[in-house]
Structure formats: C-alpha cells, structure tokens
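These notes concern the structure reproduced below.
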Amino acid sequence: MTARLIPVDPASPDPGAIREATHVLAAGGLVAFPTETVYGLGADALNARAVERIFEAKGRPTDNPIIVHLADEAALAAIVTDVPPSARTLIARCWPGPLTLVLPASPVVPVVTRGGLPTVAVRMPAHPVALALIRAAGCPVAAPSANRSGRPSPTTARHVQADLGERIDVILDAGPTPLGVESTVLDLTGATPTVLRPGGLTVETLQAIVGEVAVATLQMQAALARSPGTQYRHYAPRARVVLVNALPERAGADLDAAVRRLWDQGLRVGVMVTAESADRVPPGAVVRVMGPRGDPRVIAANLFAQLRELDDAGLDAIVVEAIPEEGLGRAVMDRLRRAAGAG
Ligand code: TXA
Ligand code: MG
C-alpha cells in the first residue's frame, strides 16, 4: 500500500478531500492529518481494530496510550466519566489548542486506545484541517504523532511519507505545522495537576490559569509510568545527539570543543545552534540555525525538521546547543534530552 497524498488548503480545506478521508476512517483505515503541533496518524478512536492498525504502522509498544482528538467540548461527555472544574476552566481558556488532558476514561473507549490504562488523554486541536476532519468523521479520532515509533515527530507531510508512506491509507498535506512540538499532556486525575509532557502550551500559562502545577521530571515520568510513552527513547535521529551548554557566555566555546572532540574520533558532525552562536561553529561542520536564543517559538518550529535533515545527511553525531528552559524552551529541551538518550 502507498498512501494517497491529498493536498489541502490549511485555512479552508476542500470538503471533497475531507470527505475522502472520512470514508477511510469509517472503513477502519488510517489518515495522517495536520494539527497545530505536528502531523497525527488518525483512526476511529472507538474502533479497536482500527486503533490496533495505528500501533502496527508505527511499531508502537501496545502499552503506550493514544490521545483522542475531539472537535468540540460536548464530545467529551461520551469519552470520560468525570470532568473536574479545573478541566472546565482549562478547556474554556485553552481549547482548541495544544493542551491534552488526562481524565478518567468511559468504558466505551477501547482498552487498546488507552494502552490498558483506566484514563484517556483528550484534546481539541487548533487546526482547521484537523477540526474539519474530526467533525466530518462524526467520531473521536485517536491520533499519535505520525512518525515511526522513536523517530522525531513529523512537521511536514514529507516526514510522514518518509516514515509511514507504505503503511497508511491517506496523508492530508496542508504544509508545515505551525508549532512544531507536540501538545502539553496534563494529568488531572490526581490532587495536583501534573504536566506529564511539556509541550505547546507553556507551564507558565497553566500556572496562571489553575495555580499550582507539578511538572514530572524525565525520571519521575519513567518511574510513574503514567505517561508510558515517556519510558522509551524518543525523538531520536539515527545519529548520536550531543547537548551542550545553555549559558550564552559559554555556549560558543563549548560548541567548538564538542565538535572538535567528535572530529578527533573520526566522526561526521552536524550542528544545531542559536543565531547568536552560528559564527562559533568550526568551519567544516554541517550547520543549521535553529533561531534566535530568545525566541523558542522559532526554535520549536524548526526543531524536528532540522533533526531529520541532519540525520538524512548521513552524519554520525549532531551537536545541539541547549536553550533556556522557559516558556516553549521547556518543551524544546525535553525533546532534546530524550533525543540525546536521557529519557
Ligand atoms: O500534539 C500532540 O499531542 C500530537 C498531535 C497529533 O495531537 N500527538 C502526540 O501523540 O504527540 P503521541 O502519541 O505521539 O504522544 C502522546 C503522549 C504519549 O507520551 C502518551 O504516553 C501520553 O501522551 N498519553 C496518552 N494517553 C495517556 C494517558 N491516558 N495517561 C497518560 N499519558 C497518556
Ligand atoms: Mg509521538
């Protein structure tokens, strides 16, 4: 099977294209579609066999649950058994948007969708194509990121094609996804709202809305196994990823030293740096400028595409400059640590 690539306008998708995709979903097939974060690989969330196909296509461990995507808040009632007041407040302020809420699952959600957990993760994406698709499908849409398990998430249809082109039915191509990192996963089933995965909606924004918010560290996430996807090495290109110093005054010298050390081992080296450090990379390395140090939005939007580009260039190692862990920088650093094997 080779996926049918259907171009769609990101702002006002052609209803014919959407209808074609919904026929695939209704038949238990797989449709990759853009969200505001990354491309997702969608199936009817209530069709256990269809969701099994997602796991097969991605090579995803079966204990890793999948986010269920909705087109409106009303659809929640059928999927979860309780919506606490904090969830109502967050939904009113943040949906549609890059915030996924973990809530107690209704028994109608197949066990396979939940990865065997009693909870389900839900979100309403802020992308016209995603919303049109879910609405037209008339069912909740289960969708992990549309990459092979362990690879960087796809921010273009071409990334999806490279990973899954032979394993899925349709790819809706609406160009690059605006945010570039996945949604924030927030567990609302405990006493304190807990961020299981930092993402497109910042911790600072969550705190401003609900007050105290706990942030699970990589170690805590692995130990808790409440966000099972966090147990596995993630976002990993084939090349080794080496993270260097986030301190602006040290970054240049540390980058230079890291690249030369790898060269001394006879390795081919690529580098991802902030604009401020671009002139500190020794000539001869393959360089990608992520964006200005103070603008993690630009860096997030470039992150996965640049990891893939450098990986496709057949390098042995990718040296990446760390950035400050504030705002979206927290999500960027989380993905980089995992890519470097710290997860
Ligand atoms: O932005 C996104 O979230 C994208 C787009 C397509 O919506 N989706 C995405 O899905 O990143 P995925 O499967 O690649 O990552 C979902 C994360 C995983 O770490 C998974 O373990 C966690 O959410 N998760 C899903 N259901 C959960 C649950 N019931 N409890 C705890 N964690 C859950
Ligand atoms: Mg993923």
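In the structure tokens, the first chain shown is A, the next is B, and so on; residue numbers restart at 1 for each chain, and ligands run from 1 in the order shown.
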Per residue of stretch 120-147 of chain A within 10 Å of stretch 2-25 of chain A, which atom pair is closest and at what distance in Å (one decimal), using only C-alpha atoms, listed by chain and increasing number, as CSV?
```
residue,atom,partner,partner_atom,distance
A:His127,CA,A:Pro10,CA,7.7
A:Pro128,CA,A:Ala11,CA,5.8
A:Val129,CA,A:Pro13,CA,6.0
A:Ala130,CA,A:Pro10,CA,9.5
A:Ala132,CA,A:Ile18,CA,7.0
A:Leu133,CA,A:Ile18,CA,5.8
A:Ile134,CA,A:Thr22,CA,8.3
A:Arg135,CA,A:Thr22,CA,9.5
A:Ala136,CA,A:Thr22,CA,6.6
A:Ala137,CA,A:Thr22,CA,5.1
A:Gly138,CA,A:Thr22,CA,8.7
A:Cys139,CA,A:Leu25,CA,9.2
A:Val141,CA,A:Leu25,CA,8.7
```
Could you dump the residues just selected with N, CA, C and O atoms as an mmCIF file, in the first residue's frame?
```
data_model
loop_
_atom_site.group_PDB
_atom_site.id
_atom_site.type_symbol
_atom_site.label_atom_id
_atom_site.label_comp_id
_atom_site.auth_asym_id
_atom_site.auth_seq_id
_atom_site.Cartn_x
_atom_site.Cartn_y
_atom_site.Cartn_z
ATOM 1 N N HIS A 127 -6.439 23.350 14.483
ATOM 2 C CA HIS A 127 -6.054 23.403 13.069
ATOM 3 C C HIS A 127 -7.315 23.154 12.261
ATOM 4 O O HIS A 127 -8.007 22.154 12.489
ATOM 5 N N PRO A 128 -7.627 24.050 11.320
ATOM 6 C CA PRO A 128 -8.871 23.911 10.551
ATOM 7 C C PRO A 128 -9.013 22.542 9.875
ATOM 8 O O PRO A 128 -10.120 22.001 9.797
ATOM 9 N N VAL A 129 -7.905 21.969 9.406
ATOM 10 C CA VAL A 129 -7.990 20.672 8.727
ATOM 11 C C VAL A 129 -8.339 19.570 9.723
ATOM 12 O O VAL A 129 -9.216 18.721 9.479
ATOM 13 N N ALA A 130 -7.674 19.586 10.886
ATOM 14 C CA ALA A 130 -7.950 18.576 11.917
ATOM 15 C C ALA A 130 -9.406 18.683 12.368
ATOM 16 O O ALA A 130 -10.120 17.675 12.466
ATOM 17 N N ALA A 132 -11.993 20.027 10.788
ATOM 18 C CA ALA A 132 -12.915 19.642 9.708
ATOM 19 C C ALA A 132 -12.989 18.124 9.597
ATOM 20 O O ALA A 132 -14.069 17.543 9.432
ATOM 21 N N LEU A 133 -11.838 17.472 9.707
ATOM 22 C CA LEU A 133 -11.792 16.008 9.587
ATOM 23 C C LEU A 133 -12.577 15.335 10.727
ATOM 24 O O LEU A 133 -13.403 14.448 10.491
ATOM 25 N N ILE A 134 -12.327 15.765 11.958
ATOM 26 C CA ILE A 134 -12.978 15.130 13.109
ATOM 27 C C ILE A 134 -14.496 15.366 13.055
ATOM 28 O O ILE A 134 -15.282 14.457 13.284
ATOM 29 N N ARG A 135 -14.861 16.603 12.714
ATOM 30 C CA ARG A 135 -16.287 16.929 12.617
ATOM 31 C C ARG A 135 -16.973 16.063 11.560
ATOM 32 O O ARG A 135 -18.008 15.463 11.814
ATOM 33 N N ALA A 136 -16.360 15.993 10.396
ATOM 34 C CA ALA A 136 -16.971 15.245 9.295
ATOM 35 C C ALA A 136 -16.983 13.749 9.602
ATOM 36 O O ALA A 136 -17.913 13.033 9.201
ATOM 37 N N ALA A 137 -15.969 13.279 10.322
ATOM 38 C CA ALA A 137 -15.906 11.846 10.638
ATOM 39 C C ALA A 137 -17.033 11.464 11.590
ATOM 40 O O ALA A 137 -17.528 10.334 11.571
ATOM 41 N N GLY A 138 -17.416 12.406 12.453
ATOM 42 C CA GLY A 138 -18.507 12.125 13.381
ATOM 43 C C GLY A 138 -18.121 11.158 14.485
ATOM 44 O O GLY A 138 -18.973 10.606 15.171
ATOM 45 N N CYS A 139 -16.822 10.934 14.667
ATOM 46 C CA CYS A 139 -16.346 10.081 15.763
ATOM 47 C C CYS A 139 -15.094 10.718 16.345
ATOM 48 O O CYS A 139 -14.442 11.511 15.682
ATOM 49 N N VAL A 141 -11.270 10.945 17.147
ATOM 50 C CA VAL A 141 -10.166 10.429 16.329
ATOM 51 C C VAL A 141 -8.916 10.213 17.194
ATOM 52 O O VAL A 141 -8.371 11.157 17.763
#
```
key: Selection within 6 Å of ligand 2 by only C-alpha atoms and all ligand atoms, output as a ChimeraX atom specification   = /A:144-145,153
Residue selection dump (all heavy atoms) as an mmCIF file, in the first residue's frame:
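Output below, filename selection15.cif:
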```cif
data_model
loop_
_atom_site.group_PDB
_atom_site.id
_atom_site.type_symbol
_atom_site.label_atom_id
_atom_site.label_comp_id
_atom_site.auth_asym_id
_atom_site.auth_seq_id
_atom_site.Cartn_x
_atom_site.Cartn_y
_atom_site.Cartn_z
ATOM 1 N N PRO A 144 -1.766 9.445 17.462
ATOM 2 C CA PRO A 144 -0.419 9.764 17.931
ATOM 3 C C PRO A 144 0.279 10.578 16.856
ATOM 4 O O PRO A 144 -0.272 10.781 15.771
ATOM 5 C CB PRO A 144 0.230 8.385 18.062
ATOM 6 C CG PRO A 144 -0.428 7.571 16.997
ATOM 7 C CD PRO A 144 -1.827 8.126 16.818
ATOM 8 N N SER A 145 1.475 11.062 17.136
ATOM 9 C CA SER A 145 2.259 11.713 16.099
ATOM 10 C C SER A 145 2.529 10.696 14.985
ATOM 11 O O SER A 145 2.720 9.509 15.252
ATOM 12 C CB SER A 145 3.576 12.238 16.687
ATOM 13 O OG SER A 145 4.233 11.220 17.425
ATOM 14 N N SER A 153 9.010 13.605 15.659
ATOM 15 C CA SER A 153 7.645 13.809 15.168
ATOM 16 C C SER A 153 7.660 14.542 13.833
ATOM 17 O O SER A 153 8.556 15.343 13.572
ATOM 18 C CB SER A 153 6.836 14.618 16.183
ATOM 19 O OG SER A 153 6.619 13.860 17.344
#
```
message = Can you pull out every residue from stretch 63-140 of chain A that DSSP, working from the backbone, puts in alpha helix (DSSP H), and format the result as a PyMOL selection string?
response = chain A and resi 85-94+128-137
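Here atom CA of A:Ala208 and atom CA of A:Leu90 stand 10.5 Å from one another.
Of the residues listed (A:Val109, A:Ile209, A:Ala285, A:Ala50), A:Val109 shows the shortest atom-to-atom separation from ligand 1; distances use only C-alpha atoms and all ligand atoms.
Those residues that approach A:Pro107 to within 10 Å, counting only C-alpha atoms, are Ala78, Ile79, Val80, Thr81, Pro104, Pro110, Val111, Pro118 and Thr119 of chain A; same-chain residues fewer than 3 positions away are not listed.
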message = Report as a list in words all protein, DNA and RNA residues lying within 10 Å of A:Trp95, evaluated on only C-alpha atoms, omitting residues in the same chain fewer than 5 positions from it.
response =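 Everything that qualifies: Ala71, Asp72, Glu73, Leu90, Thr100, Arg123, Met124, Pro125 and Ala126 of chain A.
Checking A:Ala105, A:Met220, A:Met333, A:Leu262 one by one against ligand 1, counting only C-alpha atoms and all ligand atoms, you find the shortest gap at A:Ala105.
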inquiry  = Taking 6 positions as the minimum chain separation for residues in the same chain, which residues sit within 6 Å of A:Val287 when counting only C-alpha atoms? Answer as a ChimeraX atom specification.
reply    = /A:270-272
Write the residues of the selection above to a file with all heavy atoms, as a PDB file, in the first residue's frame.
```
ATOM      1  N   GLY A 270      27.215  17.196  12.575  1.00  0.00           N
ATOM      2  CA  GLY A 270      26.299  18.284  12.258  1.00  0.00           C
ATOM      3  C   GLY A 270      26.049  19.092  13.521  1.00  0.00           C
ATOM      4  O   GLY A 270      26.246  18.596  14.626  1.00  0.00           O
ATOM      5  N   VAL A 271      25.638  20.343  13.344  1.00  0.00           N
ATOM      6  CA  VAL A 271      25.455  21.218  14.498  1.00  0.00           C
ATOM      7  C   VAL A 271      24.151  21.999  14.363  1.00  0.00           C
ATOM      8  O   VAL A 271      23.830  22.502  13.290  1.00  0.00           O
ATOM      9  CB  VAL A 271      26.627  22.231  14.614  1.00  0.00           C
ATOM     10  CG1 VAL A 271      26.529  23.019  15.912  1.00  0.00           C
ATOM     11  CG2 VAL A 271      27.969  21.512  14.549  1.00  0.00           C
ATOM     12  N   MET A 272      23.389  22.073  15.456  1.00  0.00           N
ATOM     13  CA  MET A 272      22.206  22.937  15.508  1.00  0.00           C
ATOM     14  C   MET A 272      22.449  23.991  16.586  1.00  0.00           C
ATOM     15  O   MET A 272      22.664  23.663  17.745  1.00  0.00           O
ATOM     16  CB  MET A 272      20.957  22.111  15.843  1.00  0.00           C
ATOM     17  CG  MET A 272      20.511  21.248  14.649  1.00  0.00           C
ATOM     18  SD  MET A 272      19.298  19.965  15.075  1.00  0.00           S
ATOM     19  CE  MET A 272      17.977  20.936  15.774  1.00  0.00           C
TER      20      MET A 272
END
```
task = Could you pull out the residues in stretch 169-262 of chain A that DSSP calls strand (DSSP E or B) from the backbone, as a list of chain:residue names?
result =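 The strand (DSSP E or B) subset of stretch 169-262 of chain A is A:Val170, A:Ile171, A:Leu172, A:Asp173, A:Thr184, A:Val185, A:Leu186, A:Asp187, A:Thr194, A:Val195, A:Leu196, A:Arg197, A:Ala214, A:Val215, A:Arg240, A:Val241, A:Val242, A:Leu243, A:Val244.
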Export of the given selection (C-alpha atoms) as a short mmCIF file (atom, residue, chain, number, x, y, z; two decimals), in the first residue's frame:
```cif
data_model
loop_
_atom_site.label_atom_id
_atom_site.label_comp_id
_atom_site.auth_asym_id
_atom_site.auth_seq_id
_atom_site.Cartn_x
_atom_site.Cartn_y
_atom_site.Cartn_z
CA VAL A 170 -4.11 8.78 3.18
CA ILE A 171 -1.98 11.82 4.03
CA LEU A 172 -3.71 15.22 4.11
CA ASP A 173 -0.94 17.66 3.16
CA THR A 184 1.33 19.59 26.65
CA VAL A 185 -0.02 16.49 28.44
CA LEU A 186 -1.63 17.41 31.78
CA ASP A 187 -2.86 14.75 34.21
CA THR A 194 0.68 17.36 36.76
CA VAL A 195 2.45 18.00 33.48
CA LEU A 196 3.44 14.59 32.12
CA ARG A 197 4.91 16.06 28.94
CA ALA A 214 3.54 19.93 39.18
CA VAL A 215 5.97 19.08 36.40
CA ARG A 240 24.08 10.41 18.18
CA VAL A 241 22.78 13.65 19.73
CA VAL A 242 25.11 15.63 21.99
CA LEU A 243 23.65 18.53 24.00
CA VAL A 244 25.94 21.41 25.00
#
```
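Closest approach to A:Arg288 among A:Ile54, A:Ala300, A:Leu307, A:Leu315 is made by A:Leu307 (distances from only C-alpha atoms).
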Can you build me a table of stretch 55-124 of chain A residues sitting at most 10 Å from stretch 162-168 of chain A, with the closest atom pair per residue and its distance in Å to one decimal, using only C-alpha atoms, sorted by chain and residue number, as CSV?
```
residue,atom,partner,partner_atom,distance
A:Glu56,CA,A:Arg167,CA,8.8
A:Ala57,CA,A:Arg167,CA,5.6
A:Lys58,CA,A:Leu164,CA,7.4
```
Just N, CA, C and O atoms for this one: save the residues we selected as a PDB file, in the first residue's frame.
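See selection19.pdb below for the written result:
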```
ATOM      1  N   GLU A  56       0.456  -0.988  14.802  1.00  0.00           N
ATOM      2  CA  GLU A  56       1.233  -1.777  13.853  1.00  0.00           C
ATOM      3  C   GLU A  56       2.032  -0.873  12.913  1.00  0.00           C
ATOM      4  O   GLU A  56       3.214  -1.100  12.676  1.00  0.00           O
ATOM      5  N   ALA A  57       1.362   0.162  12.378  1.00  0.00           N
ATOM      6  CA  ALA A  57       2.027   1.038  11.401  1.00  0.00           C
ATOM      7  C   ALA A  57       3.209   1.767  12.029  1.00  0.00           C
ATOM      8  O   ALA A  57       4.255   1.940  11.402  1.00  0.00           O
ATOM      9  N   LYS A  58       3.050   2.205  13.277  1.00  0.00           N
ATOM     10  CA  LYS A  58       4.116   2.974  13.940  1.00  0.00           C
ATOM     11  C   LYS A  58       5.196   2.089  14.555  1.00  0.00           C
ATOM     12  O   LYS A  58       6.282   2.571  14.879  1.00  0.00           O
TER      13      LYS A  58
END
```
remark   = The residue from A:Gly29, A:Val38, A:Leu336, A:Glu249 with the smallest atom-to-atom distance to A:Glu52, counting only C-alpha atoms, is A:Gly29
Interatomic distance, atom CA of A:Ala157 to atom 29 (N, counted along the ligand's line) of ligand 1 (Å, one decimal) =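 Distance reported for this atom pair: 26.7 Å.
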message = If we count only C-alpha atoms and set the cut-off at 7 Å, which residues sit around A:Ser183, ignoring sequence neighbours fewer than 6 positions away in its own chain? Please answer as a ChimeraX atom specification.
response = /A:37,98-100,199-201
Please produce an output containing N, CA, C and O atoms for each residue in the selection, written as a short mmCIF file (atom, residue, chain, number, x, y, z; two decimals), in the first residue's frame.
```
data_model
loop_
_atom_site.label_atom_id
_atom_site.label_comp_id
_atom_site.auth_asym_id
_atom_site.auth_seq_id
_atom_site.Cartn_x
_atom_site.Cartn_y
_atom_site.Cartn_z
N THR A 37 0.26 21.34 16.12
CA THR A 37 1.53 20.93 16.74
C THR A 37 2.39 20.16 15.75
O THR A 37 3.42 20.65 15.30
N PRO A 98 -2.98 23.42 22.04
CA PRO A 98 -2.04 22.32 22.29
C PRO A 98 -2.02 21.85 23.75
O PRO A 98 -0.97 21.77 24.37
N LEU A 99 -3.21 21.58 24.29
CA LEU A 99 -3.31 21.08 25.66
C LEU A 99 -4.11 19.78 25.67
O LEU A 99 -5.28 19.75 25.29
N THR A 100 -3.45 18.70 26.12
CA THR A 100 -4.09 17.39 26.24
C THR A 100 -4.37 17.13 27.72
O THR A 100 -3.49 17.31 28.55
N GLY A 199 4.83 20.85 26.51
CA GLY A 199 4.56 20.95 25.07
C GLY A 199 4.17 22.35 24.67
O GLY A 199 4.60 23.33 25.28
N GLY A 200 3.32 22.42 23.65
CA GLY A 200 2.99 23.69 23.01
C GLY A 200 2.33 24.72 23.90
O GLY A 200 2.40 25.91 23.63
N LEU A 201 1.63 24.27 24.96
CA LEU A 201 1.05 25.23 25.90
C LEU A 201 1.99 25.30 27.12
O LEU A 201 2.25 24.28 27.75
#
```
request  = To one decimal in Å, tell me the separation between atom CA of A:Gln207 and atom CA of A:Pro178.
outcome  =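 Between these atoms lies a distance of 23.7 Å.
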